[in-house]
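K.L.:
Sending over run27.csv (CSV, C-alpha atoms and all ligand atoms).
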chain,number,residue,atom,x,y,z
A,140,MET,CA,187.5,139.4,138.8
A,141,THR,CA,185.9,142.0,136.4
A,142,GLY,CA,182.9,141.3,134.3
A,143,ARG,CA,179.6,139.5,134.8
A,144,THR,CA,178.2,136.1,134.2
A,145,GLY,CA,175.6,135.3,131.5
A,146,LEU,CA,173.9,132.4,129.8
A,147,VAL,CA,174.2,132.1,126.0
A,148,VAL,CA,170.7,131.8,124.5
A,149,ALA,CA,171.6,132.0,120.8
A,150,ALA,CA,174.7,131.5,118.7
A,151,TYR,CA,175.1,132.4,115.1
A,152,GLY,CA,178.5,131.7,113.8
A,153,ARG,CA,180.8,133.9,116.0
A,154,ARG,CA,178.0,136.1,117.3
A,155,GLY,CA,175.2,135.5,119.6
A,156,LEU,CA,172.9,136.6,122.4
A,157,LEU,CA,173.4,136.2,126.1
A,158,GLU,CA,171.1,136.7,129.0
A,159,ALA,CA,172.1,138.2,132.4
A,160,ASP,CA,169.7,139.4,135.1
A,161,GLY,CA,166.8,139.4,132.8
A,162,THR,CA,168.5,141.4,130.1
A,163,ARG,CA,169.6,140.2,126.7
A,164,TRP,CA,172.8,141.4,125.1
A,165,PRO,CA,174.3,140.7,121.7
A,166,PHE,CA,177.8,139.6,122.1
A,167,ILE,CA,181.0,138.8,120.3
A,168,PRO,CA,183.8,136.6,121.7
A,169,LYS,CA,187.1,138.1,122.6
A,170,GLY,CA,189.7,136.4,120.4
A,171,ARG,CA,189.3,133.9,117.6
A,172,GLY,CA,190.0,130.9,119.8
A,173,LEU,CA,186.8,131.3,121.9
A,174,ARG,CA,184.0,129.3,120.4
A,175,VAL,CA,180.8,130.1,122.3
A,176,VAL,CA,177.7,127.9,121.9
A,177,CYS,CA,174.1,128.0,123.1
A,178,GLY,CA,173.9,126.8,126.7
A,179,ASP,CA,177.4,128.1,127.6
A,180,ARG,CA,177.8,130.1,130.8
A,181,VAL,CA,180.2,132.9,130.1
A,182,ARG,CA,182.0,135.9,131.6
A,183,PHE,CA,181.4,139.1,129.7
A,184,GLU,CA,182.1,142.8,129.8
A,185,ALA,CA,179.9,145.6,128.6
A,186,ARG,CA,181.9,147.9,126.4
A,187,PRO,CA,181.5,151.7,126.8
A,188,GLY,CA,179.6,153.2,123.9
A,189,SER,CA,178.7,149.8,122.5
A,190,GLU,CA,175.5,147.7,122.8
A,191,VAL,CA,177.6,144.6,122.0
A,192,ALA,CA,179.1,142.8,125.0
A,193,LEU,CA,182.5,141.1,124.9
A,194,VAL,CA,182.6,137.5,126.1
A,195,THR,CA,186.0,136.9,127.7
A,196,ARG,CA,185.7,133.4,129.0
A,197,ILE,CA,183.6,130.3,128.9
A,198,GLU,CA,182.9,128.7,132.2
A,199,PRO,CA,183.7,124.9,132.4
A,200,ARG,CA,181.0,122.9,130.6
A,201,SER,CA,179.3,119.9,132.3
A,202,ASN,CA,179.0,118.4,128.8
A,203,ALA,CA,179.1,119.4,125.2
A,204,LEU,CA,176.9,118.0,122.4
A,205,ALA,CA,179.3,117.8,119.4
A,206,ARG,CA,179.3,116.5,115.9
A,207,LEU,CA,182.2,115.4,113.7
A,208,GLN,CA,183.0,117.6,110.8
A,209,GLU,CA,183.5,116.0,107.4
A,210,ASP,CA,187.0,117.1,106.8
A,211,SER,CA,188.5,117.0,110.3
A,212,ARG,CA,188.7,114.8,113.3
A,213,ARG,CA,187.8,117.7,115.5
A,214,GLY,CA,184.3,118.0,116.8
A,215,GLU,CA,182.0,121.0,116.3
A,216,VAL,CA,180.2,121.8,119.5
A,217,ILE,CA,176.5,122.4,119.0
A,218,ALA,CA,175.3,123.0,122.6
A,219,ALA,CA,176.6,122.9,126.1
A,220,ASN,CA,175.5,122.0,129.6
A,221,ILE,CA,172.5,119.9,128.6
A,222,THR,CA,170.6,117.4,130.7
A,223,GLN,CA,168.3,115.8,128.1
A,224,LEU,CA,168.4,115.0,124.4
A,225,VAL,CA,165.0,114.9,122.8
A,226,ALA,CA,164.8,113.0,119.5
A,227,VAL,CA,161.8,114.4,117.7
A,228,CYS,CA,160.4,112.1,115.0
A,229,ALA,CA,157.2,111.8,113.0
A,230,PRO,CA,155.3,109.7,110.4
A,231,LEU,CA,156.5,112.3,107.8
A,232,PRO,CA,159.3,112.6,107.1
A,233,ALA,CA,159.8,109.0,108.1
A,234,PRO,CA,162.3,108.3,110.8
A,235,GLU,CA,166.0,107.5,110.0
A,236,PRO,CA,166.7,104.6,112.4
A,237,LEU,CA,170.5,105.1,112.3
A,238,LEU,CA,170.0,108.8,113.3
A,239,LEU,CA,167.9,107.8,116.2
A,240,ASP,CA,170.4,105.3,117.4
A,241,ARG,CA,173.2,107.8,117.1
A,242,HIS,CA,171.2,110.4,119.2
A,243,ALA,CA,170.4,107.7,121.8
A,244,CYS,CA,174.1,106.7,121.9
A,245,THR,CA,175.2,110.3,122.3
A,246,ALA,CA,172.8,111.0,125.2
A,247,GLU,CA,174.1,107.9,127.0
A,248,LEU,CA,177.7,108.9,126.5
A,249,LEU,CA,177.0,112.5,127.6
A,250,GLY,CA,175.2,111.3,130.7
A,251,CYS,CA,172.0,112.9,129.6
A,252,ARG,CA,168.4,111.6,129.6
A,253,PHE,CA,167.1,110.5,126.2
A,254,LEU,CA,163.5,111.2,125.3
A,255,LEU,CA,161.6,110.1,122.2
A,256,ALA,CA,158.9,112.5,120.9
A,257,TRP,CA,156.7,111.0,118.3
A,258,ASN,CA,155.1,114.1,116.8
A,259,LYS,CA,152.3,114.5,114.1
A,260,SER,CA,150.3,111.7,115.7
A,261,ASP,CA,147.4,113.1,113.7
A,262,LEU,CA,149.1,111.5,110.7
A,263,GLY,CA,149.7,108.2,112.5
A,264,ASP,CA,149.8,107.5,116.2
A,265,GLN,CA,151.7,104.2,116.0
A,266,PRO,CA,155.4,105.0,116.3
A,267,ALA,CA,157.6,103.5,113.6
A,268,SER,CA,159.3,100.2,114.5
A,269,SER,CA,162.7,101.7,115.2
A,270,VAL,CA,161.1,104.2,117.6
A,271,ALA,CA,159.1,101.5,119.3
A,272,GLU,CA,162.3,99.4,119.6
A,273,LEU,CA,164.1,102.2,121.4
A,274,ALA,CA,161.1,102.7,123.7
A,275,GLY,CA,161.3,99.0,124.4
A,276,LEU,CA,164.8,99.5,125.7
A,277,GLY,CA,163.4,101.8,128.4
A,278,TYR,CA,163.7,105.2,126.8
A,279,PRO,CA,160.6,107.3,127.6
A,280,LEU,CA,158.3,108.0,124.6
A,281,VAL,CA,155.7,110.8,124.3
A,282,VAL,CA,153.2,110.6,121.4
A,283,ALA,CA,152.0,114.1,120.5
A,284,SER,CA,150.6,116.3,117.8
A,285,THR,CA,151.2,120.1,117.9
A,286,ARG,CA,148.5,120.4,115.3
A,287,GLU,CA,145.8,118.8,117.5
A,288,GLY,CA,147.3,119.9,120.8
A,289,CYS,CA,147.6,116.4,122.2
A,290,GLY,CA,150.4,114.9,124.2
A,291,LEU,CA,151.7,118.3,125.0
A,292,ASP,CA,151.1,118.1,128.8
A,293,GLU,CA,153.0,114.9,129.0
A,294,LEU,CA,155.8,116.5,126.9
A,295,ALA,CA,155.9,119.5,129.3
A,296,ARG,CA,156.2,117.1,132.2
A,297,GLN,CA,159.1,115.3,130.6
A,298,LEU,CA,160.8,118.6,129.9
A,299,ALA,CA,160.3,120.2,133.3
A,300,GLY,CA,163.5,121.0,135.2
A,301,GLN,CA,165.7,119.9,132.3
A,302,THR,CA,167.8,121.7,129.8
A,303,SER,CA,166.7,119.8,126.7
A,304,VAL,CA,167.9,119.9,123.2
A,305,LEU,CA,165.4,119.1,120.4
A,306,VAL,CA,167.2,117.1,117.7
A,307,GLY,CA,166.0,115.3,114.6
A,308,GLN,CA,165.4,115.5,110.8
A,309,SER,CA,164.2,118.7,109.2
A,310,GLY,CA,160.5,119.0,109.1
A,311,VAL,CA,159.6,116.7,112.0
A,312,GLY,CA,158.2,119.7,114.0
A,313,LYS,CA,160.9,120.7,116.5
A,314,SER,CA,160.1,124.4,116.2
A,315,SER,CA,156.4,123.7,116.2
A,316,ILE,CA,156.9,121.9,119.6
A,317,ILE,CA,158.7,125.0,120.9
A,318,ASN,CA,155.8,127.2,119.8
A,319,ALA,CA,153.2,124.8,121.2
A,320,LEU,CA,154.8,124.7,124.6
A,321,PHE,CA,155.9,128.4,124.8
A,322,PRO,CA,153.2,130.5,123.3
A,323,GLY,CA,154.7,133.6,121.9
A,324,ALA,CA,158.1,132.0,121.4
A,325,GLY,CA,157.8,132.8,117.7
A,326,ALA,CA,160.1,130.0,116.4
A,327,THR,CA,160.0,129.9,112.6
A,328,VAL,CA,158.1,126.9,111.2
A,329,GLY,CA,158.5,125.7,107.6
A,330,GLY,CA,156.6,123.4,105.4
A,331,LEU,CA,157.7,120.1,103.8
A,332,SER,CA,158.8,120.2,100.2
A,333,THR,CA,155.9,119.1,98.1
A,334,GLY,CA,158.1,116.8,95.9
A,335,THR,CA,160.0,114.9,98.5
A,336,ALA,CA,158.0,115.4,101.7
A,337,MET,CA,161.3,116.3,103.3
A,338,GLY,CA,161.8,119.2,105.6
A,339,THR,CA,163.0,122.5,104.2
A,340,HIS,CA,165.7,123.3,106.8
A,341,THR,CA,163.9,126.2,108.3
A,342,THR,CA,165.8,126.6,111.6
A,343,THR,CA,169.3,127.7,110.9
A,344,ALA,CA,170.8,128.5,114.3
A,345,VAL,CA,170.6,127.0,117.8
A,346,LEU,CA,168.3,129.0,120.0
A,347,MET,CA,167.3,128.6,123.7
A,348,TYR,CA,163.8,129.1,125.0
A,349,ALA,CA,163.0,129.1,128.7
A,350,SER,CA,159.8,128.7,130.6
A,351,ASP,CA,161.5,129.4,134.0
A,352,SER,CA,165.0,129.3,135.5
A,353,THR,CA,165.1,125.5,135.5
A,354,THR,CA,163.3,124.5,132.3
A,355,ARG,CA,165.1,125.3,129.1
A,356,LEU,CA,164.6,124.1,125.6
A,357,LEU,CA,167.1,124.4,122.7
A,358,ASP,CA,165.9,124.3,119.1
A,359,THR,CA,168.4,123.1,116.6
A,360,PRO,CA,168.5,122.9,112.8
A,361,GLY,CA,167.3,119.6,111.3
A,362,VAL,CA,170.0,117.2,110.2
A,363,ARG,CA,170.2,114.4,107.6
A,364,ASP,CA,172.8,112.5,109.5
A,365,PHE,CA,174.9,113.0,112.5
A,366,THR,CA,178.2,111.5,113.7
A,367,PRO,CA,178.8,112.4,117.3
A,368,ALA,CA,182.2,113.6,118.4
A,369,LEU,CA,182.5,111.6,121.5
A,370,PRO,CA,184.2,112.5,124.8
A,371,GLY,CA,187.6,110.8,124.9
A,372,GLY,CA,188.2,107.6,126.8
A,373,GLN,CA,184.7,106.3,126.5
A,374,ARG,CA,183.8,102.9,125.0
A,375,LEU,CA,181.2,103.2,122.2
A,376,ASP,CA,179.3,100.2,123.6
A,377,GLN,CA,178.3,102.3,126.6
A,378,GLY,CA,176.1,104.2,124.2
A,379,PHE,CA,174.1,101.1,123.3
A,380,ARG,CA,172.6,100.2,126.6
A,381,GLU,CA,171.5,96.6,125.8
A,382,MET,CA,174.9,95.8,124.3
A,383,TYR,CA,176.7,97.3,127.3
A,384,ALA,CA,174.7,95.1,129.6
A,385,LEU,CA,175.7,92.0,127.7
A,386,ALA,CA,179.4,93.2,127.4
A,387,ALA,CA,180.1,92.2,131.0
A,388,GLY,CA,179.9,88.6,129.8
A,389,CYS,CA,182.6,89.0,127.0
A,390,ARG,CA,185.8,87.1,127.6
A,391,PHE,CA,188.0,90.2,127.0
A,392,GLY,CA,187.3,93.4,129.0
A,393,ASP,CA,188.2,95.5,125.9
A,394,CYS,CA,186.1,93.5,123.5
A,395,ARG,CA,184.7,95.6,120.7
A,396,HIS,CA,182.2,92.9,119.8
A,397,LEU,CA,183.4,92.5,116.2
A,398,HIS,CA,185.5,89.3,115.8
A,399,GLU,CA,186.8,88.7,119.3
A,400,PRO,CA,186.4,85.1,120.7
A,401,GLY,CA,184.1,84.6,123.6
A,402,CYS,CA,182.0,87.7,122.8
A,403,ALA,CA,178.7,87.7,124.7
A,404,VAL,CA,177.3,90.4,122.4
A,405,LYS,CA,177.9,88.3,119.2
A,406,ALA,CA,176.4,85.3,121.0
A,407,ALA,CA,173.3,87.3,121.9
A,408,LEU,CA,173.1,88.4,118.2
A,409,ALA,CA,173.3,84.9,117.0
A,410,GLY,CA,170.7,83.8,119.5
A,411,GLY,CA,168.3,86.5,118.5
A,412,GLN,CA,168.3,88.3,121.9
A,413,LEU,CA,170.0,91.3,120.4
A,414,SER,CA,168.5,93.3,117.6
A,415,ALA,CA,170.5,93.0,114.3
A,416,ARG,CA,169.5,96.5,113.4
A,417,ARG,CA,170.9,98.0,116.6
A,418,TYR,CA,174.1,95.9,116.3
A,419,ASP,CA,174.5,97.2,112.7
A,420,SER,CA,174.1,100.8,113.9
A,421,TYR,CA,176.8,100.2,116.5
A,422,CYS,CA,179.2,98.7,113.9
A,423,ARG,CA,178.6,101.5,111.4
A,424,LEU,CA,179.2,104.2,114.1
A,425,LEU,CA,182.4,102.4,115.2
A,426,ALA,CA,183.6,102.4,111.6
A,427,ALA,CA,182.7,106.0,111.1
A,428,LEU,CA,184.6,107.0,114.2
A,429,ALA,CA,187.6,105.0,113.1
A,430,THR,CA,187.6,106.7,109.7
A,431,ALA,CA,187.3,110.1,111.3
A,432,ALA,CA,190.3,109.4,113.7
A,433,GLN,CA,192.5,109.1,110.5
A,434,ARG,CA,191.6,112.6,109.4
A,435,PRO,CA,193.8,115.6,110.0
A,436,VAL,CA,192.9,117.8,113.0
A,437,GLY,CA,191.9,120.6,110.6
A,438,ARG,CA,191.0,124.1,111.5
A,501,LIG,N1,150.3,117.2,110.6
A,501,LIG,C1,151.1,117.8,111.4
A,501,LIG,N2,152.0,118.6,111.0
A,501,LIG,C2,152.8,119.2,111.9
A,501,LIG,C3,152.7,119.0,113.2
A,501,LIG,N3,153.7,119.7,113.9
A,501,LIG,C4,154.3,120.3,112.9
A,501,LIG,N4,153.8,120.1,111.7
A,501,LIG,C5,154.2,120.7,110.4
A,501,LIG,O1,155.5,120.2,110.0
A,501,LIG,C6,156.2,121.2,109.2
A,501,LIG,C7,157.6,121.4,109.8
A,501,LIG,O2,157.5,121.9,111.1
A,501,LIG,P1,158.8,122.6,111.8
A,501,LIG,O3,158.4,122.9,113.2
A,501,LIG,O4,159.3,123.8,111.0
A,501,LIG,O5,159.9,121.5,111.7
A,501,LIG,P2,161.4,121.5,112.3
A,501,LIG,O6,161.6,120.1,112.8
A,501,LIG,O7,161.6,122.6,113.2
A,501,LIG,O8,162.2,121.7,110.9
A,501,LIG,P3,163.7,122.4,110.7
A,501,LIG,O9,163.7,123.7,111.4
A,501,LIG,O10,163.8,122.5,109.2
A,501,LIG,O11,164.7,121.4,111.2
A,501,LIG,C8,155.3,122.4,109.3
A,501,LIG,O12,154.6,122.4,108.1
A,501,LIG,C9,154.4,122.2,110.4
A,501,LIG,O13,153.2,122.8,110.3
A,501,LIG,C10,151.7,118.0,113.7
A,501,LIG,O14,151.6,117.7,114.9
A,501,LIG,N5,150.9,117.5,112.7
A,502,MG,MG,162.9,124.2,113.1
A,503,ZN,ZN,182.1,91.3,123.0
For this file, write the structure as structure tokens.
Ligand SMILES: Nc1nc2c(ncn2[C@@H]2O[C@H](COP(=O)(O)OP(=O)(O)OP(=O)(O)O)[C@@H](O)[C@H]2O)c(=O)[nH]1
Ligand SMILES: [Mg+2]
Ligand SMILES: [Zn+2]
P.N.:
Amino acid sequence: MTGRTGLVVAAYGRRGLLEADGTRWPFIPKGRGLRVVCGDRVRFEARPGSEVALVTRIEPRSNALARLQEDSRRGEVIAANITQLVAVCAPLPAPEPLLLDRHACTAELLGCRFLLAWNKSDLGDQPASSVAELAGLGYPLVVASTREGCGLDELARQLAGQTSVLVGQSGVGKSSIINALFPGAGATVGGLSTGTAMGTHTTTAVLMYASDSTTRLLDTPGVRDFTPALPGGQRLDQGFREMYALAAGCRFGDCRHLHEPGCAVKAALAGGQLSARRYDSYCRLLAALATAAQRPVGR
């Protein structure tokens, strides 16, 4: 077999950067069908007379974080081979509960750890109710402030040995966390817009930062919403851990917990043991995925 193996540390459209034996190479993929993302392990060839390597193959991925595109039922892969999804949130901009649930669900279905990072604790150290609710379901929560430098040791402990992807709304401080944990990383940080206190979409590409060969952190552009493209053959309720625990009691093994008789999830909802907010998130995601499944495959 010719060529060498490298790790993709940045992807911008069809170009990117890979790392092999401590050296970074700009690359282009060989052929239009090869869609390389950050976190991919790839085979590549150096080209005589060119500084740009040619990626010839993507090694099999252990998983792929993917979102649905608006006009297609095909998923767009954002990152590959990840072990932890970190939902960064803050008092400002205020959390979007639906987005948090979708990220938690995605982590469950990818078989990843899910970590909540409540940043900007200098502006308010009590996590919003949706964040506290997720923590109550057993997801670890770290309260931090990159501005005041607190909570960063605990965050570093939770990230050690993992390939983590930082996700969340624009302006919550994902890139600030990278800079706080990896001095010299030089991730670009942007302000909040003065009118709306929303983020200004500063990060535009997925980039990987590493503290050693086992701890890696991927920065991603902030999102307003996110509909995961889910691996085939999985039930959505597996992504909502408290519902999945209840689902064992449903009369039908393939119960979707909508209108089926003998549904233990609906019974728990009626009895107040299941959060109406979480159930609503599940229903909305189920509907969004059903709508997407009707779309053409697209490009
Ligand atoms: N008060 C306070 N502000 C912070 C803290 N961490 C980050 N910020 C500010 O939040 C703003 C946004 O930070 P970024 O790190 O660019 O946010 P981001 O999540 O990477 O945003 P996008 O790249 O747009 O998705 C900047 O003005 C930061 O200075 C914090 O702990 N406290
Ligand atoms: Mg950023
Ligand atoms: Zn059910």
K.L.:
Output the neighbourhood of ligand MG 502 (chain A) as an mmCIF file with C-alpha atoms, in the frame of the given file, that is, all protein and nucleic acid residues with some atom at most 6 Å from the ligand, counting all atoms listed in the file.
P.N.:
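What follows is the written file part-v5.cif:
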data_model
loop_
_atom_site.group_PDB
_atom_site.id
_atom_site.type_symbol
_atom_site.label_atom_id
_atom_site.label_comp_id
_atom_site.auth_asym_id
_atom_site.auth_seq_id
_atom_site.Cartn_x
_atom_site.Cartn_y
_atom_site.Cartn_z
ATOM 1 C CA LYS A 313 160.900 120.700 116.500
ATOM 2 C CA SER A 314 160.100 124.400 116.200
ATOM 3 C CA VAL A 328 158.100 126.900 111.200
ATOM 4 C CA THR A 341 163.900 126.200 108.300
ATOM 5 C CA THR A 342 165.800 126.600 111.600
ATOM 6 C CA PRO A 360 168.500 122.900 112.800
#
K.L.:
Could I get the residue neighbourhood of ligand LIG 501 (chain A) at 10 Å, counting all atoms listed in the file, as JSON, numbers by chain?
P.N.:
{"A": [227, 228, 229, 230, 231, 232, 257, 258, 259, 260, 261, 262, 263, 282, 283, 284, 285, 286, 287, 288, 289, 290, 305, 306, 307, 308, 309, 310, 311, 312, 313, 314, 315, 316, 317, 318, 319, 326, 327, 328, 329, 330, 331, 332, 336, 337, 338, 339, 340, 341, 342, 343, 344, 345, 358, 359, 360, 361, 362, 363]}
K.L.:
Could you check the closest approach to A:Gly392 for each of A:Arg374, A:Cys251, A:Leu320, A:Glu190 and tell me which residue wins, using only C-alpha atoms?
P.N.:
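Counting only C-alpha atoms, the residue closest to A:Gly392 is A:Arg374.
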K.L.:
Taking all atoms listed in the file into account, which residues are within 6 Å of ligand ZN 503 (chain A), as JSON, numbers by chain?
P.N.:
{"A": [386, 389, 394, 395, 396, 402, 403, 404]}
K.L.:
Which is closest to A:Tyr418 among A:Val191, A:Ala295, A:Ala219, A:Leu375, if we use only C-alpha atoms?
P.N.:
A:Leu375
K.L.:
Pick the closest to A:Pro266 from A:Pro236, A:Pro165, A:His398, A:Pro370: which is it, counting all atoms listed in the file?
P.N.:
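Closest residue, counting all atoms listed in the file: A:Pro236.
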K.L.:
Quick one: residues within 8 Å of A:Arg154, all atoms listed in the file counted, chain neighbours fewer than 4 positions away excluded, as a compact mmCIF listing (two decimals) with C-alpha atoms, in the frame of the given file?
P.N.:
# COMPACT_ATOMS: atom_id res chain seq x y z
CA ALA A 150 174.70 131.50 118.70
CA PRO A 165 174.30 140.70 121.70
CA PHE A 166 177.80 139.60 122.10
CA ILE A 167 181.00 138.80 120.30
CA PRO A 168 183.80 136.60 121.70
K.L.:
Could you check how far atom CA of A:Val175 sits from atom CA of A:Ile197, in Å to one decimal?
P.N.:
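It comes out at 7.2 Å.
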K.L.:
Quick one: pull the distance between atom CA of A:Gly401 and atom CA of A:Ala387, Å, one decimal.
P.N.:
11.3 Å
K.L.:
Looking at only C-alpha atoms, which of A:Ala415, A:Val176, A:Ala349, A:Ala205 is the one that sits closest to A:Arg153?
P.N.:
A:Val176
K.L.:
Excluding same-chain residues fewer than 4 positions from A:Ile221, what lies within 8 Å of it counting all atoms listed in the file, as a ChimeraX atom specification?
P.N.:
/A:178,201-204,251,301-304
K.L.:
What would stretch 187-204 of chain A look like with N, CA and C atoms in place, written as an mmCIF file, keeping the file's coordinate frame?
P.N.:
data_model
loop_
_atom_site.group_PDB
_atom_site.id
_atom_site.type_symbol
_atom_site.label_atom_id
_atom_site.label_comp_id
_atom_site.auth_asym_id
_atom_site.auth_seq_id
_atom_site.Cartn_x
_atom_site.Cartn_y
_atom_site.Cartn_z
ATOM 1 N N PRO A 187 182.042 150.291 126.812
ATOM 2 C CA PRO A 187 181.500 151.700 126.800
ATOM 3 C C PRO A 187 181.183 152.077 125.360
ATOM 4 N N GLY A 188 180.023 152.643 125.186
ATOM 5 C CA GLY A 188 179.600 153.200 123.900
ATOM 6 C C GLY A 188 179.187 152.078 122.906
ATOM 7 N N SER A 189 179.095 150.827 123.382
ATOM 8 C CA SER A 189 178.700 149.800 122.500
ATOM 9 C C SER A 189 177.561 148.940 123.104
ATOM 10 N N GLU A 190 176.629 148.514 122.280
ATOM 11 C CA GLU A 190 175.500 147.700 122.800
ATOM 12 C C GLU A 190 175.976 146.194 122.763
ATOM 13 N N VAL A 191 177.136 145.951 122.169
ATOM 14 C CA VAL A 191 177.600 144.600 122.000
ATOM 15 C C VAL A 191 178.581 144.219 123.096
ATOM 16 N N ALA A 192 178.246 143.197 123.881
ATOM 17 C CA ALA A 192 179.100 142.800 125.000
ATOM 18 C C ALA A 192 180.273 141.939 124.445
ATOM 19 N N LEU A 193 181.312 141.881 125.245
ATOM 20 C CA LEU A 193 182.500 141.100 124.900
ATOM 21 C C LEU A 193 182.593 139.903 125.818
ATOM 22 N N VAL A 194 182.504 138.703 125.248
ATOM 23 C CA VAL A 194 182.600 137.500 126.100
ATOM 24 C C VAL A 194 184.120 137.199 126.239
ATOM 25 N N THR A 195 184.544 137.116 127.492
ATOM 26 C CA THR A 195 186.000 136.900 127.700
ATOM 27 C C THR A 195 186.347 135.510 128.114
ATOM 28 N N ARG A 196 185.362 134.738 128.573
ATOM 29 C CA ARG A 196 185.700 133.400 129.000
ATOM 30 C C ARG A 196 184.462 132.500 129.026
ATOM 31 N N ILE A 197 184.650 131.238 128.735
ATOM 32 C CA ILE A 197 183.600 130.300 128.900
ATOM 33 C C ILE A 197 183.808 129.496 130.168
ATOM 34 N N GLU A 198 182.789 129.438 131.008
ATOM 35 C CA GLU A 198 182.900 128.700 132.200
ATOM 36 C C GLU A 198 183.002 127.187 131.888
ATOM 37 N N PRO A 199 183.630 126.369 132.729
ATOM 38 C CA PRO A 199 183.700 124.900 132.400
ATOM 39 C C PRO A 199 182.362 124.327 132.113
ATOM 40 N N ARG A 200 182.313 123.513 131.048
ATOM 41 C CA ARG A 200 181.000 122.900 130.600
ATOM 42 C C ARG A 200 180.842 121.572 131.355
ATOM 43 N N SER A 201 179.594 121.269 131.730
ATOM 44 C CA SER A 201 179.300 119.900 132.300
ATOM 45 C C SER A 201 179.315 118.891 131.214
ATOM 46 N N ASN A 202 178.928 119.288 130.006
ATOM 47 C CA ASN A 202 179.000 118.400 128.800
ATOM 48 C C ASN A 202 178.896 119.255 127.575
ATOM 49 N N ALA A 203 179.157 118.631 126.446
ATOM 50 C CA ALA A 203 179.100 119.400 125.200
ATOM 51 C C ALA A 203 178.563 118.392 124.111
ATOM 52 N N LEU A 204 177.461 118.781 123.486
ATOM 53 C CA LEU A 204 176.900 118.000 122.400
ATOM 54 C C LEU A 204 177.735 118.441 121.128
#
